[in-house]
$ cat run-v8.pdb   # PDB, C-alpha atoms
ATOM      1  CA  MET S   1     166.518  52.965 130.122  1.00  0.00           C
ATOM      2  CA  GLU S   2     168.622  55.407 132.120  1.00  0.00           C
ATOM      3  CA  LYS S   3     170.668  58.337 130.818  1.00  0.00           C
ATOM      4  CA  VAL S   4     173.085  60.616 132.684  1.00  0.00           C
ATOM      5  CA  SER S   5     175.644  63.262 131.873  1.00  0.00           C
ATOM      6  CA  ILE S   6     179.055  62.855 133.516  1.00  0.00           C
ATOM      7  CA  ASP S   7     178.757  66.386 134.944  1.00  0.00           C
ATOM      8  CA  GLU S   8     175.508  65.369 136.698  1.00  0.00           C
ATOM      9  CA  VAL S   9     177.089  62.392 138.474  1.00  0.00           C
ATOM     10  CA  PRO S  10     178.244  63.467 141.962  1.00  0.00           C
ATOM     11  CA  VAL S  11     181.940  63.213 142.803  1.00  0.00           C
ATOM     12  CA  GLU S  12     182.605  60.447 145.366  1.00  0.00           C
ATOM     13  CA  ASN S  13     186.323  60.192 146.024  1.00  0.00           C
ATOM     14  CA  SER S  14     188.197  57.493 147.893  1.00  0.00           C
ATOM     15  CA  PRO S  15     188.681  58.129 151.634  1.00  0.00           C
ATOM     16  CA  LEU S  16     192.411  57.653 150.924  1.00  0.00           C
ATOM     17  CA  GLY S  17     192.505  61.054 149.178  1.00  0.00           C
ATOM     18  CA  VAL S  18     194.383  59.710 146.124  1.00  0.00           C
ATOM     19  CA  HIS S  19     192.368  61.381 143.359  1.00  0.00           C
ATOM     20  CA  SER S  20     190.514  64.635 142.890  1.00  0.00           C
ATOM     21  CA  GLU S  21     187.611  63.392 140.764  1.00  0.00           C
ATOM     22  CA  ARG S  22     185.884  59.999 140.755  1.00  0.00           C
ATOM     23  CA  ARG S  23     182.296  59.768 139.542  1.00  0.00           C
ATOM     24  CA  PRO S  24     180.448  56.456 140.135  1.00  0.00           C
ATOM     25  CA  VAL S  25     178.498  56.301 136.884  1.00  0.00           C
ATOM     26  CA  SER S  26     177.104  52.819 137.595  1.00  0.00           C
ATOM     27  CA  ALA S  27     175.381  54.147 140.742  1.00  0.00           C
ATOM     28  CA  ALA S  28     173.843  57.006 138.761  1.00  0.00           C
ATOM     29  CA  LEU S  29     172.615  54.592 136.076  1.00  0.00           C
ATOM     30  CA  GLY S  30     171.404  52.028 138.625  1.00  0.00           C
ATOM     31  CA  THR S  31     173.400  49.125 137.208  1.00  0.00           C
ATOM     32  CA  GLU S  32     173.526  45.902 139.238  1.00  0.00           C
ATOM     33  CA  SER S  33     175.973  43.688 137.303  1.00  0.00           C
ATOM     34  CA  PHE S  34     178.436  46.201 135.916  1.00  0.00           C
ATOM     35  CA  ALA S  35     180.634  48.829 137.586  1.00  0.00           C
ATOM     36  CA  MET S  36     181.616  52.026 135.772  1.00  0.00           C
ATOM     37  CA  ASN S  37     183.610  54.865 137.314  1.00  0.00           C
ATOM     38  CA  PHE S  38     184.814  58.040 135.589  1.00  0.00           C
ATOM     39  CA  PHE S  39     188.131  59.521 136.731  1.00  0.00           C
ATOM     40  CA  ARG S  40     189.915  62.798 136.140  1.00  0.00           C
ATOM     41  CA  LEU S  41     193.418  62.510 137.618  1.00  0.00           C
ATOM     42  CA  GLU S  42     195.994  65.237 138.028  1.00  0.00           C
ATOM     43  CA  PRO S  43     199.702  64.316 137.723  1.00  0.00           C
ATOM     44  CA  GLY S  44     200.703  62.083 140.649  1.00  0.00           C
ATOM     45  CA  GLU S  45     197.127  60.987 141.428  1.00  0.00           C
ATOM     46  CA  SER S  46     195.923  57.380 141.417  1.00  0.00           C
ATOM     47  CA  PHE S  47     192.835  55.420 140.435  1.00  0.00           C
ATOM     48  CA  SER S  48     192.962  53.482 143.723  1.00  0.00           C
ATOM     49  CA  GLY S  49     195.870  54.529 145.896  1.00  0.00           C
ATOM     50  CA  GLY S  50     197.665  51.231 146.286  1.00  0.00           C
ATOM     51  CA  LEU S  51     198.531  47.853 144.862  1.00  0.00           C
ATOM     52  CA  HIS S  52     195.352  45.815 145.301  1.00  0.00           C
ATOM     53  CA  THR S  53     193.179  43.054 143.882  1.00  0.00           C
ATOM     54  CA  HIS S  54     189.476  42.302 143.634  1.00  0.00           C
ATOM     55  CA  HIS S  55     188.840  38.603 144.178  1.00  0.00           C
ATOM     56  CA  ASP S  56     185.225  38.954 143.039  1.00  0.00           C
ATOM     57  CA  GLN S  57     185.544  41.196 139.996  1.00  0.00           C
ATOM     58  CA  GLU S  58     187.515  41.540 136.785  1.00  0.00           C
ATOM     59  CA  GLU S  59     188.465  45.100 135.968  1.00  0.00           C
ATOM     60  CA  VAL S  60     189.156  47.016 132.742  1.00  0.00           C
ATOM     61  CA  PHE S  61     190.632  50.504 132.552  1.00  0.00           C
ATOM     62  CA  TYR S  62     190.260  52.761 129.518  1.00  0.00           C
ATOM     63  CA  VAL S  63     192.461  55.856 129.190  1.00  0.00           C
ATOM     64  CA  GLU S  64     190.559  58.478 127.224  1.00  0.00           C
ATOM     65  CA  GLU S  65     193.110  61.295 127.599  1.00  0.00           C
ATOM     66  CA  GLY S  66     196.638  61.300 128.977  1.00  0.00           C
ATOM     67  CA  SER S  67     198.738  58.347 130.030  1.00  0.00           C
ATOM     68  CA  ALA S  68     198.684  55.973 133.000  1.00  0.00           C
ATOM     69  CA  THR S  69     201.325  53.690 134.432  1.00  0.00           C
ATOM     70  CA  PHE S  70     200.022  50.475 135.974  1.00  0.00           C
ATOM     71  CA  GLN S  71     201.955  48.326 138.402  1.00  0.00           C
ATOM     72  CA  VAL S  72     200.936  44.732 137.751  1.00  0.00           C
ATOM     73  CA  GLY S  73     201.368  41.736 140.048  1.00  0.00           C
ATOM     74  CA  ARG S  74     203.235  41.497 143.337  1.00  0.00           C
ATOM     75  CA  ASP S  75     206.477  42.137 141.419  1.00  0.00           C
ATOM     76  CA  ARG S  76     204.968  45.477 140.224  1.00  0.00           C
ATOM     77  CA  GLU S  77     205.777  45.123 136.524  1.00  0.00           C
ATOM     78  CA  GLU S  78     205.137  48.542 134.949  1.00  0.00           C
ATOM     79  CA  VAL S  79     202.811  48.832 131.957  1.00  0.00           C
ATOM     80  CA  THR S  80     202.056  52.152 130.228  1.00  0.00           C
ATOM     81  CA  VAL S  81     198.495  52.719 129.017  1.00  0.00           C
ATOM     82  CA  ASP S  82     198.146  55.684 126.660  1.00  0.00           C
ATOM     83  CA  ALA S  83     195.075  57.535 125.367  1.00  0.00           C
ATOM     84  CA  GLY S  84     192.926  55.088 123.414  1.00  0.00           C
ATOM     85  CA  ASP S  85     194.394  52.029 125.204  1.00  0.00           C
ATOM     86  CA  LEU S  86     192.666  49.577 127.536  1.00  0.00           C
ATOM     87  CA  ILE S  87     194.074  47.167 130.125  1.00  0.00           C
ATOM     88  CA  ARG S  88     192.263  44.223 131.775  1.00  0.00           C
ATOM     89  CA  PHE S  89     192.894  42.506 135.123  1.00  0.00           C
ATOM     90  CA  ASP S  90     191.627  39.084 136.168  1.00  0.00           C
ATOM     91  CA  PRO S  91     189.982  38.625 139.575  1.00  0.00           C
ATOM     92  CA  GLY S  92     192.849  38.102 142.028  1.00  0.00           C
ATOM     93  CA  GLU S  93     195.451  39.937 139.900  1.00  0.00           C
ATOM     94  CA  PHE S  94     197.196  42.719 141.821  1.00  0.00           C
ATOM     95  CA  GLN S  95     197.306  46.147 140.145  1.00  0.00           C
ATOM     96  CA  ARG S  96     197.668  49.869 140.717  1.00  0.00           C
ATOM     97  CA  GLY S  97     197.181  52.692 138.176  1.00  0.00           C
ATOM     98  CA  ASP S  98     198.674  56.178 138.435  1.00  0.00           C
ATOM     99  CA  ASN S  99     198.851  59.327 136.342  1.00  0.00           C
ATOM    100  CA  THR S 100     202.617  59.530 135.919  1.00  0.00           C
ATOM    101  CA  GLY S 101     202.372  62.029 133.054  1.00  0.00           C
ATOM    102  CA  ASP S 102     202.690  65.805 133.063  1.00  0.00           C
ATOM    103  CA  GLY S 103     199.053  66.545 132.247  1.00  0.00           C
ATOM    104  CA  GLU S 104     195.562  65.558 133.257  1.00  0.00           C
ATOM    105  CA  LEU S 105     194.388  61.965 132.758  1.00  0.00           C
ATOM    106  CA  VAL S 106     190.771  61.192 131.887  1.00  0.00           C
ATOM    107  CA  GLY S 107     189.867  57.546 132.238  1.00  0.00           C
ATOM    108  CA  TRP S 108     187.325  54.906 133.110  1.00  0.00           C
ATOM    109  CA  ALA S 109     187.360  51.895 135.435  1.00  0.00           C
ATOM    110  CA  LEU S 110     184.917  49.164 134.406  1.00  0.00           C
ATOM    111  CA  GLY S 111     184.183  46.016 136.393  1.00  0.00           C
ATOM    112  CA  ALA S 112     181.963  42.962 136.383  1.00  0.00           C
ATOM    113  CA  PRO S 113     180.051  40.970 137.579  1.00  0.00           C
ATOM    114  CA  LYS S 114     179.026  43.455 140.289  1.00  0.00           C
ATOM    115  CA  SER S 115     178.243  47.165 140.262  1.00  0.00           C
ATOM    116  CA  ARG S 116     179.870  47.761 143.666  1.00  0.00           C
ATOM    117  CA  HIS S 117     182.886  46.341 145.448  1.00  0.00           C
ATOM    118  CA  ASP S 118     182.476  43.719 148.112  1.00  0.00           C
ATOM    119  CA  TRP S 119     185.098  45.087 150.538  1.00  0.00           C
ATOM    120  CA  GLU S 120     185.750  41.620 151.991  1.00  0.00           C
ATOM    121  CA  GLU S 121     186.896  40.521 148.507  1.00  0.00           C
ATOM    122  CA  ILE S 122     189.605  43.202 148.174  1.00  0.00           C
ATOM    123  CA  GLU S 123     193.200  42.861 149.303  1.00  0.00           C
ATOM    124  CA  SER S 124     195.634  45.760 149.337  1.00  0.00           C
ATOM    125  CA  VAL S 125     199.411  45.440 149.647  1.00  0.00           C
ATOM    126  CA  VAL S 126     200.681  47.756 152.389  1.00  0.00           C
ATOM    127  CA  HIS S 127     203.395  47.856 155.039  1.00  0.00           C
ATOM    128  CA  CYS S 128     202.359  45.667 157.984  1.00  0.00           C
ATOM    129  CA  ARG S 129     202.964  47.441 161.264  1.00  0.00           C
ATOM    130  CA  GLU S 130     203.399  44.101 163.070  1.00  0.00           C
ATOM    131  CA  CYS S 131     205.316  42.000 160.483  1.00  0.00           C
ATOM    132  CA  GLY S 132     207.446  44.973 159.421  1.00  0.00           C
ATOM    133  CA  GLU S 133     207.155  44.051 155.733  1.00  0.00           C
ATOM    134  CA  GLU S 134     204.904  44.806 152.796  1.00  0.00           C
ATOM    135  CA  ARG S 135     202.067  42.241 152.910  1.00  0.00           C
ATOM    136  CA  PRO S 136     198.545  41.767 151.528  1.00  0.00           C
ATOM    137  CA  HIS S 137     195.873  43.172 153.849  1.00  0.00           C
ATOM    138  CA  GLY S 138     192.143  42.536 153.812  1.00  0.00           C
ATOM    139  CA  MET S 139     190.019  45.676 153.680  1.00  0.00           C
ATOM    140  CA  ALA S 140     186.818  46.659 155.434  1.00  0.00           C
ATOM    141  CA  LEU S 141     184.959  49.956 155.322  1.00  0.00           C
ATOM    142  CA  THR S 142     184.660  51.585 158.768  1.00  0.00           C
ATOM    143  CA  ASP S 143     181.586  53.394 160.098  1.00  0.00           C
ATOM    144  CA  ASP S 144     183.331  56.768 159.661  1.00  0.00           C
ATOM    145  CA  GLY S 145     184.145  56.130 155.977  1.00  0.00           C
ATOM    146  CA  GLY S 146     187.764  55.027 156.366  1.00  0.00           C
ATOM    147  CA  PHE S 147     189.319  51.601 155.932  1.00  0.00           C
ATOM    148  CA  ARG S 148     190.321  48.875 158.370  1.00  0.00           C
ATOM    149  CA  MET S 149     193.337  47.016 157.009  1.00  0.00           C
ATOM    150  CA  THR S 150     194.043  43.508 158.378  1.00  0.00           C
ATOM    151  CA  CYS S 151     197.274  41.663 157.561  1.00  0.00           C
ATOM    152  CA  THR S 152     196.566  38.287 155.935  1.00  0.00           C
ATOM    153  CA  GLU S 153     199.797  36.903 157.470  1.00  0.00           C
ATOM    154  CA  CYS S 154     199.668  37.933 161.149  1.00  0.00           C
ATOM    155  CA  GLY S 155     196.102  39.253 161.602  1.00  0.00           C
ATOM    156  CA  SER S 156     197.088  42.677 162.986  1.00  0.00           C
ATOM    157  CA  SER S 157     194.811  45.585 162.003  1.00  0.00           C
ATOM    158  CA  PHE S 158     194.940  49.347 161.673  1.00  0.00           C
ATOM    159  CA  GLU S 159     192.559  52.014 160.369  1.00  0.00           C
ATOM    160  CA  THR S 160     193.173  54.743 157.803  1.00  0.00           C
TER     161      THR S 160
END

$ encode --input "run-v8.pdb" --output "structure tokens"
Amino acid sequence: MEKVSIDEVPVENSPLGVHSERRPVSAALGTESFAMNFFRLEPGESFSGGLHTHHDQEEVFYVEEGSATFQVGRDREEVTVDAGDLIRFDPGEFQRGDNTGDGELVGWALGAPKSRHDWEEIESVVHCRECGEERPHGMALTDDGGFRMTCTECGSSFET
């Protein structure tokens, strides 16, 4: 049995600088087959920073306070998730969640069957510097804590 208080879980934000508070609860609890992250997002902040998918993990978001707008699929259909609502994404389904409201958003990202992302199983849709269009890019964590993005169409890479 493990027990933690949210305030005791250290803040570990994305290197993309897209949110001000992300607490990896699953790491603090020592889970192996379940991911759980607590978020506190100010207006304009994001859970992840970009349209992306996890090929190895399904993901559920719960909005405890506030309201989030999710872009779903490559066509970026918008879905609003209000306080008390949950939204689920299949492995391979593209999504992005943002606090588009006027106040703070408190929410949770839950994933399975792993407690941590396998970076080789994530694709993010970004502008390709070689192709000149928005394309899926594979992601890899760099030694300095940034990301290496590699276009799945042309193979060109850049680091953030």

$ closest_residue --input "run-v8.pdb" --among "S:Ser124, S:Gln71, S:Thr150, S:Ser115" --to "S:Thr31" --atoms "all atoms listed in the file"
S:Ser115

$ atom_distance --input "run-v8.pdb" --atom1 "atom CA of S:Glu59" --atom2 "atom CA of S:Thr152"
22.6 Å

$ axis_aligned_box --input "run-v8.pdb" --around "stretch 122-140 of chain S" --padding-each-side "8 Å" --output "AutoDock Vina command-line options"
--center_x 197.1 --center_y 44.8 --center_z 155.6 --size_x 36.6 --size_y 22.1 --size_z 30.9

$ atom_distance --input "run-v8.pdb" --atom1 "atom CA of S:Val79" --atom2 "atom CA of S:Ser26"
26.6 Å

$ closest_residue --input "run-v8.pdb" --among "S:Arg148, S:His127, S:Lys114, S:His19" --to "S:His54" --atoms "all atoms listed in the file"
S:Lys114

$ closest_atom_pairs --input "run-v8.pdb" --of "stretch 5-110 of chain S" --to "stretch 134-143 of chain S" --cutoff "10 Å" --atoms "all atoms listed in the file" --output "Markdown table"
| residue | atom | partner | partner_atom | distance |
| --- | --- | --- | --- | --- |
| S:Pro15 | CA | S:Leu141 | CA | 9.7 |
| S:Leu51 | CA | S:Pro136 | CA | 9.0 |
| S:His52 | CA | S:Pro136 | CA | 8.1 |
| S:Thr53 | CA | S:Pro136 | CA | 9.4 |
| S:Arg74 | CA | S:Pro136 | CA | 9.4 |
| S:Phe94 | CA | S:Pro136 | CA | 9.8 |

$ residues_around --input "run-v8.pdb" --residues "S:Ser14" --least-positions-apart "6" --cutoff "10 Å" --atoms "only C-alpha atoms" --output "short mmCIF file (atom, residue, chain, number, x, y, z; two decimals) with C-alpha atoms, in the frame of the given file"
data_model
loop_
_atom_site.label_atom_id
_atom_site.label_comp_id
_atom_site.auth_asym_id
_atom_site.auth_seq_id
_atom_site.Cartn_x
_atom_site.Cartn_y
_atom_site.Cartn_z
CA SER S 20 190.51 64.64 142.89
CA GLU S 21 187.61 63.39 140.76
CA ARG S 22 185.88 60.00 140.76
CA PHE S 47 192.84 55.42 140.44
CA SER S 48 192.96 53.48 143.72
CA GLY S 49 195.87 54.53 145.90
CA GLY S 145 184.14 56.13 155.98
CA GLY S 146 187.76 55.03 156.37
#

$ resolve_selection --input "run-v8.pdb" --expression "the PyMOL selection byres ((chain S and resi 111) around 8)" --output "ChimeraX atom specification"
/S:34-36,57-60,109-110,112-115

$ write_last_selection --input "run-v8.pdb" --atoms "C-alpha atoms" --output "short mmCIF file (atom, residue, chain, number, x, y, z; two decimals), in the coordinates of the input"
data_model
loop_
_atom_site.label_atom_id
_atom_site.label_comp_id
_atom_site.auth_asym_id
_atom_site.auth_seq_id
_atom_site.Cartn_x
_atom_site.Cartn_y
_atom_site.Cartn_z
CA PHE S 34 178.44 46.20 135.92
CA ALA S 35 180.63 48.83 137.59
CA MET S 36 181.62 52.03 135.77
CA GLN S 57 185.54 41.20 140.00
CA GLU S 58 187.52 41.54 136.78
CA GLU S 59 188.46 45.10 135.97
CA VAL S 60 189.16 47.02 132.74
CA ALA S 109 187.36 51.90 135.44
CA LEU S 110 184.92 49.16 134.41
CA ALA S 112 181.96 42.96 136.38
CA PRO S 113 180.05 40.97 137.58
CA LYS S 114 179.03 43.46 140.29
CA SER S 115 178.24 47.16 140.26
#

$ resolve_selection --input "run-v8.pdb" --expression "the PyMOL selection byres ((chain S and resi 101) around 12)" --output "PDB file with C-alpha atoms, in the coordinates of the input"
ATOM      1  CA  LEU S  41     193.418  62.510 137.618  1.00  0.00           C
ATOM      2  CA  GLU S  42     195.994  65.237 138.028  1.00  0.00           C
ATOM      3  CA  PRO S  43     199.702  64.316 137.723  1.00  0.00           C
ATOM      4  CA  GLY S  44     200.703  62.083 140.649  1.00  0.00           C
ATOM      5  CA  GLU S  45     197.127  60.987 141.428  1.00  0.00           C
ATOM      6  CA  SER S  46     195.923  57.380 141.417  1.00  0.00           C
ATOM      7  CA  GLU S  65     193.110  61.295 127.599  1.00  0.00           C
ATOM      8  CA  GLY S  66     196.638  61.300 128.977  1.00  0.00           C
ATOM      9  CA  SER S  67     198.738  58.347 130.030  1.00  0.00           C
ATOM     10  CA  ALA S  68     198.684  55.973 133.000  1.00  0.00           C
ATOM     11  CA  THR S  69     201.325  53.690 134.432  1.00  0.00           C
ATOM     12  CA  THR S  80     202.056  52.152 130.228  1.00  0.00           C
ATOM     13  CA  VAL S  81     198.495  52.719 129.017  1.00  0.00           C
ATOM     14  CA  ASP S  82     198.146  55.684 126.660  1.00  0.00           C
ATOM     15  CA  ALA S  83     195.075  57.535 125.367  1.00  0.00           C
ATOM     16  CA  GLY S  97     197.181  52.692 138.176  1.00  0.00           C
ATOM     17  CA  ASP S  98     198.674  56.178 138.435  1.00  0.00           C
ATOM     18  CA  ASN S  99     198.851  59.327 136.342  1.00  0.00           C
ATOM     19  CA  THR S 100     202.617  59.530 135.919  1.00  0.00           C
ATOM     20  CA  ASP S 102     202.690  65.805 133.063  1.00  0.00           C
ATOM     21  CA  GLY S 103     199.053  66.545 132.247  1.00  0.00           C
ATOM     22  CA  GLU S 104     195.562  65.558 133.257  1.00  0.00           C
ATOM     23  CA  LEU S 105     194.388  61.965 132.758  1.00  0.00           C
ATOM     24  CA  VAL S 106     190.771  61.192 131.887  1.00  0.00           C
TER      25      VAL S 106
END

$ atom_distance --input "run-v8.pdb" --atom1 "atom CA of S:Ile87" --atom2 "atom CA of S:Gly73"
13.5 Å

$ closest_residue --input "run-v8.pdb" --among "S:Val63, S:Val126, S:Met1, S:Leu86" --to "S:Thr160" --atoms "only C-alpha atoms"
S:Val126

$ closest_residue --input "run-v8.pdb" --among "S:Glu8, S:Asp56, S:Gly17, S:Arg23" --to "S:His117" --atoms "only C-alpha atoms"
S:Asp56

$ closest_residue --input "run-v8.pdb" --among "S:Asp144, S:Glu2, S:Gly92, S:Glu159" --to "S:Glu121" --atoms "all atoms listed in the file"
S:Gly92

$ closest_residue --input "run-v8.pdb" --among "S:Gly132, S:Gly50, S:Gly107, S:Pro24" --to "S:Gln95" --atoms "all atoms listed in the file"
S:Gly50
